[in-house]
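As stored in my_file27.cif (mmCIF, C-alpha atoms):
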```cif
data_protein
#
loop_
_atom_site.group_PDB
_atom_site.id
_atom_site.type_symbol
_atom_site.label_atom_id
_atom_site.label_comp_id
_atom_site.auth_asym_id
_atom_site.auth_seq_id
_atom_site.Cartn_x
_atom_site.Cartn_y
_atom_site.Cartn_z
ATOM 1 C CA MET A 1 102.079 271.631 -33.503
ATOM 2 C CA MET A 2 100.345 268.399 -34.105
ATOM 3 C CA GLY A 3 102.537 265.528 -35.184
ATOM 4 C CA LEU A 4 105.850 266.897 -33.850
ATOM 5 C CA TYR A 5 107.783 264.881 -31.279
ATOM 6 C CA LEU A 6 110.780 265.716 -29.114
ATOM 7 C CA LEU A 7 113.022 262.695 -28.668
ATOM 8 C CA ASP A 8 116.425 262.201 -27.075
ATOM 9 C CA GLU A 9 119.398 260.526 -28.722
ATOM 10 C CA ASN A 10 118.093 257.088 -27.661
ATOM 11 C CA ALA A 11 114.759 257.688 -29.465
ATOM 12 C CA GLU A 12 112.859 258.024 -26.182
ATOM 13 C CA GLN A 13 110.591 260.852 -25.043
ATOM 14 C CA ILE A 14 112.569 263.653 -23.401
ATOM 15 C CA THR A 15 112.270 264.408 -19.702
ATOM 16 C CA ARG A 16 111.004 267.646 -18.226
ATOM 17 C CA THR A 17 114.537 268.735 -17.361
ATOM 18 C CA GLN A 18 115.709 268.153 -20.940
ATOM 19 C CA TYR A 19 112.748 270.145 -22.212
ATOM 20 C CA LEU A 20 113.473 272.979 -19.797
ATOM 21 C CA LYS A 21 117.167 273.053 -20.746
ATOM 22 C CA ARG A 22 116.226 273.067 -24.448
ATOM 23 C CA GLU A 23 113.855 276.010 -24.010
ATOM 24 C CA LEU A 24 116.376 277.967 -21.914
ATOM 25 C CA TYR A 25 119.082 277.429 -24.540
ATOM 26 C CA LYS A 26 116.670 278.719 -27.181
ATOM 27 C CA LEU A 27 116.055 281.889 -25.169
ATOM 28 C CA ILE A 28 119.747 282.467 -24.479
ATOM 29 C CA LEU A 29 121.168 281.607 -27.892
ATOM 30 C CA PHE A 30 118.568 283.049 -30.254
ATOM 31 C CA PRO A 31 119.020 286.758 -29.510
ATOM 32 C CA THR A 32 122.797 286.529 -29.723
ATOM 33 C CA LEU A 33 122.691 284.672 -33.078
ATOM 34 C CA ILE A 34 125.197 282.092 -31.846
ATOM 35 C CA MET A 35 123.171 279.436 -33.657
ATOM 36 C CA VAL A 36 124.080 280.984 -37.014
ATOM 37 C CA VAL A 37 127.690 281.893 -36.191
ATOM 38 C CA ILE A 38 128.769 278.434 -34.969
ATOM 39 C CA GLY A 39 128.145 276.616 -38.233
ATOM 40 C CA LYS A 40 125.688 275.401 -40.778
ATOM 41 C CA ALA A 41 124.712 272.141 -39.117
ATOM 42 C CA LYS A 42 121.217 270.810 -39.743
ATOM 43 C CA ARG A 43 120.498 270.554 -36.004
ATOM 44 C CA PRO A 44 120.376 273.820 -34.071
ATOM 45 C CA LEU A 45 122.929 274.338 -31.320
ATOM 46 C CA TYR A 46 120.339 274.080 -28.532
ATOM 47 C CA ASP A 47 119.275 270.646 -29.807
ATOM 48 C CA ARG A 48 122.883 269.469 -30.001
ATOM 49 C CA LYS A 49 123.648 270.723 -26.470
ATOM 50 C CA THR A 50 120.605 269.019 -24.919
ATOM 51 C CA GLY A 51 120.816 265.866 -27.041
ATOM 52 C CA THR A 52 117.304 266.178 -28.474
ATOM 53 C CA TYR A 53 115.702 265.817 -31.894
ATOM 54 C CA LEU A 54 112.515 267.360 -33.240
ATOM 55 C CA LEU A 55 110.727 264.823 -35.439
ATOM 56 C CA GLU A 56 107.527 264.891 -37.462
#
```

Using structure tokens, write down the structure that the file contains.
Amino acid sequence: MMGLYLLDENAEQITRTQYLKRELYKLILFPTLIMVVIGKAKRPLYDRKTGTYLLE
């Protein structure tokens, strides 16, 4: 995944705790399909909850 960056809402590198929360949300939310049910936003729910962005 070369060239992809995880940034917070202030355009700074995310901390380890933010990264851990993001990955845990992905594990919890993906199997239950909550990401699809909530809405059709461009940012996934786990990114909105942790306040992160995935940029190229």

List the residues matched by the PyMOL selection byres ((chain A and resi 47) around 12) in the displayed structure as a PyMOL selection string, ordered by chain and then by residue number. chain A and resi 6-9+14+18-26+29+35+41-46+48-55

What's around A:Glu56 at 12 Å? Count only C-alpha atoms, leave out sequence neighbours fewer than 4 positions away in its own chain, and write the answer as a CSV table (one decimal) with C-alpha atoms, keeping the file's coordinate frame.
```csv
chain,number,residue,atom,x,y,z
A,1,MET,CA,102.1,271.6,-33.5
A,2,MET,CA,100.3,268.4,-34.1
A,3,GLY,CA,102.5,265.5,-35.2
A,4,LEU,CA,105.8,266.9,-33.8
A,5,TYR,CA,107.8,264.9,-31.3
A,6,LEU,CA,110.8,265.7,-29.1
A,7,LEU,CA,113.0,262.7,-28.7
```

Six-sided padding of 4 Å per side, axis-aligned box over stretch 50-53 of chain A, centre and edges in Å, one decimal, as lines of an AutoDock Vina configuration file:
```
center_x = 118.3
center_y = 267.4
center_z = -28.4
size_x = 13.1
size_y = 11.2
size_z = 15.0
```
